[in-house]
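Source file: protein09.txt; contents: compact mmCIF, C-alpha atoms.
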```
# COMPACT_ATOMS: atom_id res chain seq x y z
CA MET A 1085 0.00 0.00 0.00
CA LYS A 1086 1.42 3.37 -1.05
CA LYS A 1087 1.28 6.40 1.19
CA SER A 1088 1.36 10.00 -0.03
CA ILE A 1089 4.26 12.02 1.41
CA GLY A 1090 3.58 15.27 -0.48
CA ALA A 1091 5.40 17.24 -3.17
CA LYS A 1092 9.08 16.97 -2.23
CA THR A 1093 12.47 16.57 -3.87
CA PHE A 1094 13.29 12.98 -2.93
CA LEU A 1095 14.71 10.85 -5.72
CA TYR A 1096 17.13 7.89 -6.00
CA PRO A 1097 19.96 7.77 -6.72
CA MET A 1098 20.90 11.43 -6.19
CA PRO A 1099 24.39 12.33 -7.37
CA VAL A 1100 27.19 14.34 -5.74
CA PHE A 1101 28.79 16.57 -8.37
CA ILE A 1102 31.45 19.15 -7.54
CA VAL A 1103 31.10 22.07 -9.95
CA GLY A 1104 34.27 24.06 -10.69
CA THR A 1105 34.14 27.69 -11.87
CA TYR A 1106 36.25 30.88 -11.88
CA ASP A 1107 34.95 34.09 -10.35
CA GLU A 1108 35.52 37.59 -11.75
CA GLN A 1109 39.07 37.74 -10.34
CA LYS A 1110 39.71 34.25 -11.72
CA LYS A 1111 39.73 32.76 -8.23
CA PRO A 1112 38.89 29.07 -8.65
CA ASN A 1113 35.76 27.94 -6.81
CA ILE A 1114 34.01 24.61 -6.23
CA ALA A 1115 30.46 23.87 -5.10
CA THR A 1116 28.54 20.67 -4.42
CA VAL A 1117 25.49 20.04 -6.58
CA ALA A 1118 23.10 17.09 -6.16
CA TRP A 1119 20.72 18.17 -8.89
CA GLY A 1120 21.88 17.36 -12.37
CA GLY A 1121 22.74 14.60 -14.82
CA ILE A 1122 23.31 13.77 -18.47
CA CYS A 1123 20.63 15.39 -20.64
CA CYS A 1124 21.61 14.83 -24.29
CA SER A 1125 23.74 12.41 -26.29
CA LYS A 1126 24.26 14.46 -29.46
CA PRO A 1127 25.85 16.84 -28.67
CA PRO A 1128 26.86 15.21 -25.37
CA CYS A 1129 25.44 17.46 -22.64
CA LEU A 1130 24.80 17.47 -18.92
CA ASN A 1131 22.85 19.80 -16.69
CA VAL A 1132 23.39 21.21 -13.21
CA CYS A 1133 20.85 23.29 -11.25
CA LEU A 1134 21.67 26.19 -8.96
CA ARG A 1135 19.94 28.86 -6.92
CA GLN A 1136 20.50 32.41 -8.09
CA ALA A 1137 21.87 33.30 -4.63
CA THR A 1138 24.90 31.01 -4.99
CA TYR A 1139 28.38 32.18 -5.85
CA THR A 1140 28.63 29.55 -8.58
CA TYR A 1141 25.49 30.91 -10.29
CA GLY A 1142 27.19 34.28 -10.83
CA ASN A 1143 30.38 32.61 -12.04
CA LEU A 1144 28.44 30.47 -14.48
CA MET A 1145 26.50 33.39 -15.90
CA ALA A 1146 29.72 35.38 -16.38
CA ARG A 1147 32.08 32.67 -17.65
CA LYS A 1148 29.60 30.34 -19.42
CA ALA A 1149 31.87 27.45 -18.52
CA PHE A 1150 32.24 24.89 -15.73
CA THR A 1151 33.64 21.51 -14.83
CA VAL A 1152 31.84 18.63 -13.12
CA ASN A 1153 34.20 16.72 -10.87
CA ILE A 1154 33.27 13.21 -9.69
CA PRO A 1155 34.52 12.42 -6.17
CA SER A 1156 35.60 9.02 -4.88
CA GLU A 1157 34.44 7.60 -1.55
CA THR A 1158 37.72 8.83 -0.09
CA HIS A 1159 36.66 12.43 -0.85
CA VAL A 1160 33.39 12.41 1.06
CA LYS A 1161 34.58 14.92 3.69
CA GLU A 1162 35.92 17.38 1.10
CA SER A 1163 32.77 17.02 -1.01
CA ASP A 1164 30.55 17.74 1.98
CA TYR A 1165 32.62 20.75 3.05
CA VAL A 1166 32.43 22.25 -0.45
CA GLY A 1167 28.62 22.17 -0.12
CA ILE A 1168 28.43 23.99 3.22
CA ALA A 1169 30.97 26.81 2.70
CA SER A 1170 30.64 29.75 0.28
CA GLY A 1171 33.27 30.85 -2.22
CA ARG A 1172 32.33 34.46 -1.46
CA ASP A 1173 34.36 34.47 1.73
CA THR A 1174 36.50 31.32 1.47
CA ASP A 1175 39.08 29.70 -0.76
CA LYS A 1176 37.42 26.30 -0.68
CA PHE A 1177 40.21 24.62 -2.67
CA ALA A 1178 42.74 25.70 -0.01
CA VAL A 1179 40.64 24.73 3.02
CA ALA A 1180 39.80 21.33 1.51
CA GLY A 1181 43.42 20.71 0.56
CA LEU A 1182 42.54 20.35 -3.12
CA THR A 1183 44.48 21.54 -6.15
CA PRO A 1184 42.87 23.59 -8.93
CA VAL A 1185 44.00 22.79 -12.47
CA ALA A 1186 43.08 25.10 -15.36
CA SER A 1187 41.06 23.27 -18.02
CA ASP A 1188 42.70 23.42 -21.43
CA LEU A 1189 39.27 23.53 -23.13
CA VAL A 1190 36.95 25.69 -21.03
CA ASP A 1191 37.32 28.75 -18.81
CA ALA A 1192 37.03 26.79 -15.55
CA PRO A 1193 39.21 24.88 -13.08
CA TYR A 1194 39.03 21.21 -12.18
CA ILE A 1195 40.16 19.22 -9.14
CA GLN A 1196 43.44 17.38 -9.55
CA GLU A 1197 42.76 14.90 -6.74
CA PHE A 1198 39.35 13.70 -7.98
CA PRO A 1199 39.32 10.72 -10.40
CA MET A 1200 37.18 12.17 -13.19
CA VAL A 1201 36.19 15.53 -14.64
CA LEU A 1202 33.81 16.64 -17.40
CA GLU A 1203 34.67 19.97 -19.04
CA CYS A 1204 31.56 21.89 -20.09
CA LYS A 1205 30.55 24.99 -22.00
CA VAL A 1206 27.14 26.47 -21.07
CA SER A 1207 24.75 26.04 -24.01
CA HIS A 1208 21.30 26.68 -22.47
CA VAL A 1209 20.00 28.44 -19.37
CA LEU A 1210 16.46 27.63 -18.20
CA GLU A 1211 14.95 29.45 -15.23
CA ILE A 1212 12.54 27.08 -13.53
CA GLY A 1213 11.79 28.60 -10.13
CA LEU A 1214 14.12 28.93 -7.17
CA HIS A 1215 16.62 26.96 -9.25
CA THR A 1216 18.03 27.66 -12.70
CA LEU A 1217 19.01 24.77 -14.95
CA PHE A 1218 22.28 25.13 -16.86
CA VAL A 1219 22.92 22.81 -19.79
CA GLY A 1220 26.62 22.33 -20.52
CA GLU A 1221 28.00 20.77 -23.65
CA ILE A 1222 30.61 18.20 -22.63
CA LEU A 1223 33.78 19.04 -24.57
CA ASP A 1224 35.95 16.37 -22.97
CA ILE A 1225 36.17 13.94 -20.06
CA LYS A 1226 39.47 13.37 -18.27
CA VAL A 1227 39.97 10.34 -16.03
CA ASP A 1228 42.86 9.26 -13.81
CA GLU A 1229 44.71 6.55 -15.70
CA ALA A 1230 44.46 4.30 -12.64
CA CYS A 1231 40.63 4.48 -12.93
CA LEU A 1232 40.38 3.29 -16.54
CA THR A 1233 39.62 -0.19 -17.81
CA GLU A 1234 41.99 -1.95 -20.21
CA ASN A 1235 39.76 -0.64 -23.00
CA GLY A 1236 40.22 2.94 -21.88
CA LYS A 1237 36.76 3.43 -20.35
CA PRO A 1238 36.06 4.75 -16.86
CA ASP A 1239 35.76 1.89 -14.35
CA ILE A 1240 33.06 2.41 -11.72
CA THR A 1241 34.76 -0.08 -9.39
CA LYS A 1242 37.92 2.03 -9.40
CA ILE A 1243 36.28 5.48 -9.41
CA LYS A 1244 34.08 4.45 -6.46
CA PRO A 1245 31.50 7.25 -6.82
CA PHE A 1246 28.96 7.82 -4.06
CA SER A 1247 25.45 9.21 -3.83
CA PHE A 1248 23.46 11.49 -1.53
CA ALA A 1249 20.39 10.20 0.31
CA MET A 1250 18.23 13.23 0.99
CA ASP A 1251 15.87 11.29 3.27
CA SER A 1252 18.50 10.61 5.91
CA GLN A 1253 20.93 13.35 4.78
CA ALA A 1254 23.74 10.88 4.32
CA TYR A 1255 26.20 9.62 1.72
CA TYR A 1256 26.16 6.05 0.44
CA GLY A 1257 28.80 4.20 -1.57
CA THR A 1258 28.36 2.25 -4.78
CA GLY A 1259 27.02 -1.23 -4.11
CA PRO A 1260 27.64 -4.59 -5.73
CA TYR A 1261 27.27 -5.52 -9.39
CA LEU A 1262 23.71 -6.68 -10.00
CA ALA A 1263 23.21 -7.55 -13.67
CA PRO A 1264 24.18 -6.69 -17.27
CA ALA A 1265 22.18 -3.88 -18.91
CA PHE A 1266 20.43 -4.36 -22.28
CA ALA A 1267 20.72 -8.08 -21.58
CA ILE A 1268 19.02 -9.33 -18.39
CA GLY A 1269 15.70 -7.89 -19.59
CA LYS A 1270 15.76 -10.07 -22.72
CA GLU A 1271 14.74 -13.01 -20.56
CA LEU A 1272 11.27 -11.45 -20.39
CA LYS A 1273 11.03 -11.08 -24.17
CA LYS A 1274 10.92 -14.81 -24.77
CA MET B 969 47.77 11.66 -14.28
CA LYS B 970 44.52 12.27 -16.12
CA LYS B 971 43.86 10.94 -19.58
CA SER B 972 41.43 12.48 -22.06
CA ILE B 973 38.73 10.07 -23.21
CA GLY B 974 36.79 12.48 -25.42
CA ALA B 975 33.33 14.05 -25.31
CA LYS B 976 31.06 11.29 -24.05
CA THR B 977 28.08 10.79 -21.75
CA PHE B 978 29.72 9.02 -18.83
CA LEU B 979 28.70 10.29 -15.39
CA TYR B 980 28.34 8.77 -11.89
CA PRO B 981 25.98 7.87 -10.41
CA MET B 982 23.53 7.47 -13.30
CA PRO B 983 19.95 6.75 -12.27
CA VAL B 984 17.42 4.22 -13.51
CA PHE B 985 14.01 5.90 -13.72
CA ILE B 986 10.95 4.20 -15.17
CA VAL B 987 8.75 6.83 -16.80
CA GLY B 988 5.03 6.08 -16.95
CA THR B 989 2.73 7.67 -19.56
CA TYR B 990 -0.54 7.05 -21.41
CA ASP B 991 -0.68 6.93 -25.20
CA GLU B 992 -3.50 8.31 -27.35
CA GLN B 993 -5.70 5.29 -26.68
CA LYS B 994 -4.89 5.58 -22.97
CA LYS B 995 -2.78 2.43 -23.10
CA PRO B 996 -0.34 2.66 -20.17
CA ASN B 997 3.32 2.61 -21.14
CA ILE B 998 6.63 2.56 -19.28
CA ALA B 999 10.15 3.40 -20.45
CA THR B 1000 13.55 3.37 -18.79
CA VAL B 1001 15.36 6.70 -18.59
CA ALA B 1002 18.89 7.16 -17.21
CA TRP B 1003 19.05 10.86 -17.95
CA GLY B 1004 17.29 13.03 -15.45
CA GLY B 1005 17.16 14.19 -11.83
CA ILE B 1006 15.75 16.80 -9.47
CA CYS B 1007 16.07 20.28 -11.01
CA CYS B 1008 14.23 22.73 -8.71
CA SER B 1009 13.16 22.89 -5.08
CA LYS B 1010 10.45 25.57 -5.36
CA PRO B 1011 8.29 24.44 -7.02
CA PRO B 1012 9.66 20.91 -6.60
CA CYS B 1013 10.58 19.71 -10.09
CA LEU B 1014 12.49 16.95 -11.81
CA ASN B 1015 13.59 16.48 -15.39
CA VAL B 1016 13.76 13.51 -17.73
CA CYS B 1017 15.33 13.53 -21.21
CA LEU B 1018 14.06 11.62 -24.24
CA ARG B 1019 14.74 11.23 -27.92
CA GLN B 1020 11.99 12.46 -30.22
CA ALA B 1021 11.81 8.99 -31.79
CA THR B 1022 10.60 7.32 -28.59
CA TYR B 1023 7.02 6.38 -27.88
CA THR B 1024 7.18 8.12 -24.51
CA TYR B 1025 8.17 11.42 -26.18
CA GLY B 1026 4.90 11.47 -28.12
CA ASN B 1027 2.90 10.54 -25.04
CA LEU B 1028 4.57 13.29 -23.01
CA MET B 1029 3.93 15.93 -25.65
CA ALA B 1030 0.26 14.92 -25.89
CA ARG B 1031 -0.57 14.32 -22.22
CA LYS B 1032 1.84 16.78 -20.52
CA ALA B 1033 2.02 14.37 -17.60
CA PHE B 1034 4.16 11.45 -16.43
CA THR B 1035 5.25 9.45 -13.42
CA VAL B 1036 8.79 8.55 -12.38
CA ASN B 1037 8.90 5.14 -10.78
CA ILE B 1038 11.91 4.12 -8.68
CA PRO B 1039 12.73 0.41 -8.94
CA SER B 1040 14.22 -1.76 -6.20
CA GLU B 1041 17.13 -4.15 -6.77
CA THR B 1042 14.55 -6.92 -7.12
CA HIS B 1043 13.15 -5.17 -10.23
CA VAL B 1044 16.36 -5.04 -12.23
CA LYS B 1045 15.14 -7.49 -14.90
CA GLU B 1046 11.83 -5.66 -15.42
CA SER B 1047 13.60 -2.27 -15.50
CA ASP B 1048 16.04 -3.48 -18.13
CA TYR B 1049 13.28 -5.02 -20.26
CA VAL B 1050 11.30 -1.77 -20.21
CA GLY B 1051 14.35 -0.04 -21.71
CA ILE B 1052 14.82 -2.43 -24.63
CA ALA B 1053 11.20 -2.92 -25.80
CA SER B 1054 8.97 -0.28 -27.41
CA GLY B 1055 5.43 0.57 -26.35
CA ARG B 1056 4.52 0.97 -30.02
CA ASP B 1057 4.22 -2.77 -30.53
CA THR B 1058 4.16 -4.15 -26.98
CA ASP B 1059 2.21 -3.91 -23.74
CA LYS B 1060 5.30 -3.60 -21.58
CA PHE B 1061 3.32 -3.69 -18.33
CA ALA B 1062 1.86 -7.07 -19.30
CA VAL B 1063 5.12 -8.64 -20.50
CA ALA B 1064 6.97 -7.47 -17.40
CA GLY B 1065 4.20 -8.68 -15.11
CA LEU B 1066 3.65 -5.21 -13.68
CA THR B 1067 0.36 -3.54 -12.75
CA PRO B 1068 -0.56 -0.04 -13.96
CA VAL B 1069 -2.36 2.18 -11.46
CA ALA B 1070 -3.99 5.43 -12.59
CA SER B 1071 -2.53 8.43 -10.78
CA ASP B 1072 -5.15 10.46 -8.95
CA LEU B 1073 -3.28 13.69 -9.68
CA VAL B 1074 -1.86 13.51 -13.19
CA ASP B 1075 -2.91 11.92 -16.48
CA ALA B 1076 -0.40 9.06 -16.24
CA PRO B 1077 -0.08 5.55 -14.79
CA TYR B 1078 2.37 4.35 -12.15
CA ILE B 1079 3.72 0.91 -11.28
CA GLN B 1080 2.05 -0.77 -8.33
CA GLU B 1081 4.96 -3.13 -7.63
CA PHE B 1082 7.71 -0.46 -7.42
CA PRO B 1083 8.37 1.11 -4.01
CA MET B 1084 8.15 4.79 -4.91
CA VAL B 1085 6.56 7.04 -7.53
CA LEU B 1086 6.70 10.76 -8.28
CA GLU B 1087 3.66 12.18 -10.09
CA CYS B 1088 4.59 15.01 -12.44
CA LYS B 1089 2.97 17.61 -14.67
CA VAL B 1090 5.14 18.87 -17.57
CA SER B 1091 6.03 22.52 -16.98
CA HIS B 1092 8.90 23.16 -19.45
CA VAL B 1093 10.14 21.52 -22.64
CA LEU B 1094 13.70 22.31 -23.78
CA GLU B 1095 15.00 20.91 -27.05
CA ILE B 1096 18.73 20.40 -26.69
CA GLY B 1097 19.81 18.21 -29.59
CA LEU B 1098 19.01 14.56 -30.13
CA HIS B 1099 17.35 14.66 -26.70
CA THR B 1100 14.58 16.89 -25.38
CA LEU B 1101 14.52 17.80 -21.70
CA PHE B 1102 11.12 17.71 -19.98
CA VAL B 1103 10.75 19.48 -16.65
CA GLY B 1104 7.93 18.06 -14.55
CA GLU B 1105 6.51 19.71 -11.47
CA ILE B 1106 6.28 17.07 -8.73
CA LEU B 1107 2.69 17.13 -7.46
CA ASP B 1108 3.10 14.24 -5.03
CA ILE B 1109 5.33 11.33 -4.06
CA LYS B 1110 3.84 8.01 -3.03
CA VAL B 1111 5.91 5.40 -1.21
CA ASP B 1112 5.17 1.85 -0.07
CA GLU B 1113 4.47 2.04 3.64
CA ALA B 1114 7.03 -0.72 4.23
CA CYS B 1115 9.72 1.58 2.71
CA LEU B 1116 9.15 4.55 5.03
CA THR B 1117 11.09 5.47 8.16
CA GLU B 1118 9.30 5.96 11.48
CA ASN B 1119 9.23 9.67 10.64
CA GLY B 1120 7.41 9.02 7.38
CA LYS B 1121 10.36 9.66 5.04
CA PRO B 1122 11.52 7.33 2.30
CA ASP B 1123 14.23 4.97 3.55
CA ILE B 1124 17.01 4.27 1.06
CA THR B 1125 17.95 1.06 2.86
CA LYS B 1126 14.43 -0.29 2.31
CA ILE B 1127 13.84 1.11 -1.18
CA LYS B 1128 17.19 -0.34 -2.35
CA PRO B 1129 17.50 1.76 -5.53
CA PHE B 1130 20.18 0.89 -8.07
CA SER B 1131 22.18 2.76 -10.67
CA PHE B 1132 23.37 2.24 -14.24
CA ALA B 1133 27.08 2.16 -15.07
CA MET B 1134 27.35 3.19 -18.68
CA ASP B 1135 31.05 2.24 -18.89
CA SER B 1136 30.44 -1.47 -18.37
CA GLN B 1137 26.71 -1.39 -19.25
CA ALA B 1138 25.73 -2.87 -15.93
CA TYR B 1139 23.53 -2.20 -12.92
CA TYR B 1140 24.96 -1.65 -9.44
CA GLY B 1141 23.19 -1.65 -6.09
CA THR B 1142 23.31 0.97 -3.36
CA GLY B 1143 26.42 0.58 -1.23
CA PRO B 1144 27.13 1.08 2.45
CA TYR B 1145 26.48 4.18 4.54
CA LEU B 1146 29.56 6.41 4.37
CA ALA B 1147 28.99 9.61 6.36
CA PRO B 1148 26.43 12.23 7.44
CA ALA B 1149 25.82 15.09 4.98
CA PHE B 1150 26.09 18.74 6.05
CA ALA B 1151 28.15 17.45 8.97
CA ILE B 1152 31.29 15.48 8.08
CA GLY B 1153 32.61 18.47 6.12
CA LYS B 1154 32.52 20.70 9.18
CA GLU B 1155 35.67 19.01 10.38
CA LEU B 1156 37.52 20.93 7.67
CA LYS B 1157 36.06 24.27 8.78
CA LYS B 1158 37.92 24.29 12.07
```
For the structure just supplied, provide its representation as structure tokens.
Amino acid sequence: MKKSIGAKTFLYPMPVFIVGTYDEQKKPNIATVAWGGICCSKPPCLNVCLRQATYTYGNLMARKAFTVNIPSETHVKESDYVGIASGRDTDKFAVAGLTPVASDLVDAPYIQEFPMVLECKVSHVLEIGLHTLFVGEILDIKVDEACLTENGKPDITKIKPFSFAMDSQAYYGTGPYLAPAFAIGKELKK
Amino acid sequence: MKKSIGAKTFLYPMPVFIVGTYDEQKKPNIATVAWGGICCSKPPCLNVCLRQATYTYGNLMARKAFTVNIPSETHVKESDYVGIASGRDTDKFAVAGLTPVASDLVDAPYIQEFPMVLECKVSHVLEIGLHTLFVGEILDIKVDEACLTENGKPDITKIKPFSFAMDSQAYYGTGPYLAPAFAIGKELKK
């Protein structure tokens, strides 16, 4: 039996993306974003959503560029910190002990210590309500060599991404392999 | 050392949403979508992204309503099947052994057997490229009573959502509890 819990923003899984931008003085900034995901395959695009009041919103509107950095389980403390401090009055890279690297493709910094980064150029801006949705065209993905498969693809078991559970306000790791996609479902087609 | 792997659509974690819609004849349909997420808190909204060629795209454009159903680990086979068959020539509910329930709030069906559903009304349509992004205002969330905490919130450890790893084309479960959000990061503030 299903019970109504009202109009809320619970959803599973919810990601933990660290968005890298430069401010007006080119100070590198990072902010945690749980609202976003891939949104187009051709051109490859992702979206992140931000409140107008955030420092990253202003940076994004001015620079039209950002990176999305994927943290490993070992970066849970840094990822959480980046979501509770503001770049207006803090150098979050310095406090978190992280190293900004200038992207060679977009006007934004990425995090050296994180295993994977997507470099994006803002292509669409959609104001929805309290949040604004930014679509970024993915110009490149860079992955730590140690986190690649033999075939040169990212390896989820080496990247060890985690997710955010809004219900309990907690972070959860990636669980065990369950089944092959585009394959296990064929059993029902017979 | 990071290695460039090109402009692709890899991202972690990637969700597995089952989108419920009605077609012109009011036949209930479901489709698997990995591209989407929460996109606004006020009003509460989520987005899903679809190719124009899909059956669900036409249903969404006509009905302006949909549900997002969150599967449990036990529904991995059904969720995969729903992503590889088309509603044009199949009754996917019937083949997957799932039961459509008419939403009382929006013109769309949801899946009785899945633990959680978000009922949405399309508020924005953004054409990006091969994919179109649909923003849906969340009018209500319904959760199986057995998957709620004592405080009436969804419980990730009971819902047992899973994610899609595009690299290896596989499904992965939810992993262990790692740390409290908006808390563990404070240790870096000192």
To one decimal in Å, tell me the separation between atom CA of Pro1077 of chain B and atom CA of Gly988 of chain B.
-> 5.6 Å
Top pick for closest residue to Asp1123 of chain B, considering B:Met1084, B:Cys1008, B:Ala1021, B:Val1090 and counting all atoms listed in the file | B:Met1084
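The gap separating atom CA of Ala1151 of chain B from atom CA of His1215 of chain A is 23.6 Å, in Å to one decimal.
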Counting only C-alpha atoms, what is within 10 Å of Asp1108 of chain B, bar same-chain residues fewer than 3 positions away, as a ChimeraX atom specification?
-> /A:1088-1093 /B:1012,1035,1071-1074,1085-1088,1105
Could you pull the residues within 10 Å of Ile1038 of chain B, counting all atoms listed in the file, minus those fewer than 5 positions along the same chain, as a PyMOL selection string?
-> (chain A and resi 1095-1097) or (chain B and resi 983-987+1043+1047+1079+1082-1086+1111+1127-1130)
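Take atom CA of Val1001 of chain B and atom CA of Gly1051 of chain B: the distance between them is 7.5 Å.
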Got a sec: who's within 7 Å of Lys970 of chain B, counting all atoms listed in the file, leaving out chain neighbours fewer than 4 positions off, as a count of residues only?
-> 4
Residue among A:Glu1271, A:Ser1156, A:Glu1211, A:Asp1164 lying closest to chain B, counting only C-alpha atoms |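 Of A:Glu1271, A:Ser1156, A:Glu1211, A:Asp1164, the one nearest chain B, counting only C-alpha atoms, is A:Asp1164.
Nearest to chain B of all the residues A:Asn1113, A:Thr1183, A:Asn1235, A:Ser1125 is A:Ser1125, based on all atoms listed in the file.
Closest approach to Ile1152 of chain B among A:Thr1241, A:Thr1140, A:Asn1131, A:Gln1253 is made by A:Gln1253 (distances from all atoms listed in the file).
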Please list as a tab-separated table (two decimals) with C-alpha atoms, in the frame of the given file every residue within 8 Å of Arg1031 of chain B, counting all atoms listed in the file and excluding residues in the same chain fewer than 4 positions away.
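Full text of out_30.tsv as output:
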```tsv
chain	number	residue	atom	x	y	z
B	989	THR	CA	2.73	7.67	-19.56
B	990	TYR	CA	-0.54	7.05	-21.41
B	991	ASP	CA	-0.68	6.93	-25.20
B	1027	ASN	CA	2.90	10.54	-25.04
B	1075	ASP	CA	-2.91	11.92	-16.48
B	1076	ALA	CA	-0.40	9.06	-16.24
```
Using only C-alpha atoms, which of A:Lys1148, A:Arg1135, A:Lys1110, A:Arg1172 sits nearest chain B?
->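 Using only C-alpha atoms, chain B sits closest to A:Arg1135.
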